Amino acid sequence: MVSSSDRIDIGERVYILSTQKIGCPVCGNEASLIISEYRSLYETLIIITLRCSNCEYKKAEVIPIIEEDEYKCTEVKVENVEDLKTLLFIPPGSSIEIPEFEVKLELAELSDIVMGNYVTVDGILLDIADNLEKVCIEAEQGLDIEKCVNIVNTLRRSAENPSTPITVRVISSVGNIRIVRSYRNNFKKC
């Protein structure tokens, strides 16, 4: 059993920066808007929370405060199941590439990945597969449908158990790409 005196302070802190009362966007009654700062040894986040005690509406937005030396291009090598759990912060306006399949998508084209989102590699692969499947079905401009379907199936299989290495490349003109969690250090600048 660990007593409070045995615990190590890892430097995690939450500071409330501002508290305001505003109108709830759902019911119109008074809601609380709280702006907090979370700090740890690894990151600083701004957390904006809106809560209505009347209708119980809740919304939170997490904004990472990124150091200037953060990556503008990051490659994550997917070689085993642990690599699928790699968690990234992908900033608005980014593009995602999978060079092995000559696939490139803008972040806005992906349905489940929104601006400034935290996402795992398997989530990226599945969302790209879903979007490519729509393109395959529409058979746009001389697209090789068989090749397209093969890529979709390979991406889906790789999102569960990667049998062949795949590279997920995230590119942002403003930088701020962040590897939040990696189990094998399977990433690098590109």
# chains A, B, ... in the order shown; residues from 1 in each chain; ligands from 1
>>> closest_atom_pairs(of="region 37-110 of chain A", to="region 124-134 of chain A", cutoff="12 Å", atoms="only C-alpha atoms", output="JSON lines")
{"residue": "A:Val76", "atom": "CA", "partner": "A:Ile124", "partner_atom": "CA", "distance": 11.3}
{"residue": "A:Val78", "atom": "CA", "partner": "A:Leu125", "partner_atom": "CA", "distance": 10.3}
{"residue": "A:Asp83", "atom": "CA", "partner": "A:Leu125", "partner_atom": "CA", "distance": 11.8}
{"residue": "A:Leu84", "atom": "CA", "partner": "A:Leu125", "partner_atom": "CA", "distance": 9.0}
{"residue": "A:Lys85", "atom": "CA", "partner": "A:Ile124", "partner_atom": "CA", "distance": 10.7}
{"residue": "A:Thr86", "atom": "CA", "partner": "A:Ile124", "partner_atom": "CA", "distance": 10.5}
{"residue": "A:Leu87", "atom": "CA", "partner": "A:Ile124", "partner_atom": "CA", "distance": 10.1}
{"residue": "A:Leu88", "atom": "CA", "partner": "A:Ile124", "partner_atom": "CA", "distance": 9.9}
{"residue": "A:Phe89", "atom": "CA", "partner": "A:Ile124", "partner_atom": "CA", "distance": 11.6}
{"residue": "A:Ile90", "atom": "CA", "partner": "A:Ile124", "partner_atom": "CA", "distance": 10.5}
{"residue": "A:Ser95", "atom": "CA", "partner": "A:Ile124", "partner_atom": "CA", "distance": 11.3}
{"residue": "A:Ile96", "atom": "CA", "partner": "A:Ile124", "partner_atom": "CA", "distance": 8.6}
{"residue": "A:Glu97", "atom": "CA", "partner": "A:Ile128", "partner_atom": "CA", "distance": 9.6}
{"residue": "A:Ile98", "atom": "CA", "partner": "A:Leu125", "partner_atom": "CA", "distance": 9.1}
{"residue": "A:Phe101", "atom": "CA", "partner": "A:Leu132", "partner_atom": "CA", "distance": 11.4}
{"residue": "A:Glu102", "atom": "CA", "partner": "A:Leu132", "partner_atom": "CA", "distance": 12.0}
{"residue": "A:Val103", "atom": "CA", "partner": "A:Ile128", "partner_atom": "CA", "distance": 8.8}
{"residue": "A:Lys104", "atom": "CA", "partner": "A:Ile128", "partner_atom": "CA", "distance": 9.2}
{"residue": "A:Leu105", "atom": "CA", "partner": "A:Ile128", "partner_atom": "CA", "distance": 7.8}
{"residue": "A:Glu106", "atom": "CA", "partner": "A:Ile128", "partner_atom": "CA", "distance": 10.3}
{"residue": "A:Leu107", "atom": "CA", "partner": "A:Ile128", "partner_atom": "CA", "distance": 10.0}
{"residue": "A:Ala108", "atom": "CA", "partner": "A:Asn131", "partner_atom": "CA", "distance": 11.3}
{"residue": "A:Glu109", "atom": "CA", "partner": "A:Asn131", "partner_atom": "CA", "distance": 7.8}
{"residue": "A:Leu110", "atom": "CA", "partner": "A:Asp127", "partner_atom": "CA", "distance": 6.3}
>>> write_last_selection(atoms="N, CA and C atoms", output="PDB file, in the first residue's frame")
ATOM      1  N   VAL A  76       4.869   7.920 -38.390  1.00  0.00           N
ATOM      2  CA  VAL A  76       4.686   6.845 -37.422  1.00  0.00           C
ATOM      3  C   VAL A  76       4.777   5.536 -38.193  1.00  0.00           C
ATOM      4  N   VAL A  78       4.106   1.733 -38.449  1.00  0.00           N
ATOM      5  CA  VAL A  78       3.183   0.756 -37.876  1.00  0.00           C
ATOM      6  C   VAL A  78       3.674  -0.632 -38.265  1.00  0.00           C
ATOM      7  N   ASP A  83       1.880  -0.417 -31.999  1.00  0.00           N
ATOM      8  CA  ASP A  83       2.006   0.814 -32.783  1.00  0.00           C
ATOM      9  C   ASP A  83       0.650   1.425 -33.106  1.00  0.00           C
ATOM     10  N   LEU A  84      -0.386   0.598 -33.174  1.00  0.00           N
ATOM     11  CA  LEU A  84      -1.736   1.096 -33.469  1.00  0.00           C
ATOM     12  C   LEU A  84      -2.270   1.985 -32.352  1.00  0.00           C
ATOM     13  N   LYS A  85      -1.728   1.834 -31.139  1.00  0.00           N
ATOM     14  CA  LYS A  85      -2.178   2.604 -29.984  1.00  0.00           C
ATOM     15  C   LYS A  85      -1.472   3.956 -29.867  1.00  0.00           C
ATOM     16  N   THR A  86      -0.552   4.250 -30.760  1.00  0.00           N
ATOM     17  CA  THR A  86       0.148   5.535 -30.727  1.00  0.00           C
ATOM     18  C   THR A  86      -0.881   6.649 -30.826  1.00  0.00           C
ATOM     19  N   LEU A  87      -0.835   7.569 -29.896  1.00  0.00           N
ATOM     20  CA  LEU A  87      -1.806   8.659 -29.828  1.00  0.00           C
ATOM     21  C   LEU A  87      -1.154   9.948 -30.298  1.00  0.00           C
ATOM     22  N   LEU A  88      -1.796  10.629 -31.250  1.00  0.00           N
ATOM     23  CA  LEU A  88      -1.273  11.880 -31.808  1.00  0.00           C
ATOM     24  C   LEU A  88      -2.256  13.014 -31.597  1.00  0.00           C
ATOM     25  N   PHE A  89      -1.713  14.218 -31.515  1.00  0.00           N
ATOM     26  CA  PHE A  89      -2.536  15.415 -31.652  1.00  0.00           C
ATOM     27  C   PHE A  89      -2.288  15.922 -33.062  1.00  0.00           C
ATOM     28  N   ILE A  90      -3.365  16.033 -33.846  1.00  0.00           N
ATOM     29  CA  ILE A  90      -3.251  16.492 -35.230  1.00  0.00           C
ATOM     30  C   ILE A  90      -3.906  17.864 -35.323  1.00  0.00           C
ATOM     31  N   SER A  95      -2.450  17.319 -43.293  1.00  0.00           N
ATOM     32  CA  SER A  95      -2.749  16.260 -44.258  1.00  0.00           C
ATOM     33  C   SER A  95      -2.121  14.977 -43.744  1.00  0.00           C
ATOM     34  N   ILE A  96      -2.699  13.861 -44.171  1.00  0.00           N
ATOM     35  CA  ILE A  96      -2.224  12.552 -43.752  1.00  0.00           C
ATOM     36  C   ILE A  96      -1.898  11.752 -45.002  1.00  0.00           C
ATOM     37  N   GLU A  97      -0.721  11.138 -45.003  1.00  0.00           N
ATOM     38  CA  GLU A  97      -0.285  10.336 -46.143  1.00  0.00           C
ATOM     39  C   GLU A  97       0.063   8.929 -45.687  1.00  0.00           C
ATOM     40  N   ILE A  98      -0.160   7.981 -46.582  1.00  0.00           N
ATOM     41  CA  ILE A  98       0.344   6.615 -46.408  1.00  0.00           C
ATOM     42  C   ILE A  98       1.134   6.317 -47.675  1.00  0.00           C
ATOM     43  N   PHE A 101       0.903   3.256 -50.203  1.00  0.00           N
ATOM     44  CA  PHE A 101      -0.259   3.140 -51.094  1.00  0.00           C
ATOM     45  C   PHE A 101      -0.503   4.400 -51.912  1.00  0.00           C
ATOM     46  N   GLU A 102       0.411   5.369 -51.808  1.00  0.00           N
ATOM     47  CA  GLU A 102       0.257   6.647 -52.504  1.00  0.00           C
ATOM     48  C   GLU A 102      -1.071   7.313 -52.148  1.00  0.00           C
ATOM     49  N   VAL A 103      -1.423   7.254 -50.867  1.00  0.00           N
ATOM     50  CA  VAL A 103      -2.662   7.836 -50.368  1.00  0.00           C
ATOM     51  C   VAL A 103      -2.334   9.136 -49.655  1.00  0.00           C
ATOM     52  N   LYS A 104      -3.078  10.194 -49.982  1.00  0.00           N
ATOM     53  CA  LYS A 104      -2.926  11.482 -49.297  1.00  0.00           C
ATOM     54  C   LYS A 104      -4.309  12.095 -49.138  1.00  0.00           C
ATOM     55  N   LEU A 105      -4.651  12.455 -47.892  1.00  0.00           N
ATOM     56  CA  LEU A 105      -5.930  13.085 -47.599  1.00  0.00           C
ATOM     57  C   LEU A 105      -5.709  14.310 -46.733  1.00  0.00           C
ATOM     58  N   GLU A 106      -6.501  15.319 -46.979  1.00  0.00           N
ATOM     59  CA  GLU A 106      -6.506  16.487 -46.105  1.00  0.00           C
ATOM     60  C   GLU A 106      -7.342  16.136 -44.882  1.00  0.00           C
ATOM     61  N   LEU A 107      -6.998  16.691 -43.744  1.00  0.00           N
ATOM     62  CA  LEU A 107      -7.704  16.405 -42.505  1.00  0.00           C
ATOM     63  C   LEU A 107      -9.199  16.684 -42.641  1.00  0.00           C
ATOM     64  N   ALA A 108      -9.562  17.713 -43.382  1.00  0.00           N
ATOM     65  CA  ALA A 108     -10.972  18.072 -43.552  1.00  0.00           C
ATOM     66  C   ALA A 108     -11.761  16.981 -44.270  1.00  0.00           C
ATOM     67  N   GLU A 109     -11.089  16.108 -45.035  1.00  0.00           N
ATOM     68  CA  GLU A 109     -11.778  15.040 -45.764  1.00  0.00           C
ATOM     69  C   GLU A 109     -12.131  13.860 -44.871  1.00  0.00           C
ATOM     70  N   LEU A 110     -11.501  13.754 -43.720  1.00  0.00           N
ATOM     71  CA  LEU A 110     -11.736  12.619 -42.842  1.00  0.00           C
ATOM     72  C   LEU A 110     -12.922  12.911 -41.935  1.00  0.00           C
TER      73      LEU A 110
END
>>> residues_around(residues="Asn80 (chain A)", least_positions_apart="5", cutoff="12 Å", atoms="only C-alpha atoms", output="MDAnalysis selection string")
chainID A and resid 85:86 121:122 157:167 183:184 186
>>> closest_residue(among="A:Cys73, A:Ile179, A:Cys55, A:Val62", to="Ile35 (chain A)", atoms="only C-alpha atoms")
A:Val62
>>> atom_distance(atom1="CA of Pro64 (chain A)", atom2="CA of Ser32 (chain A)")
21.6 Å
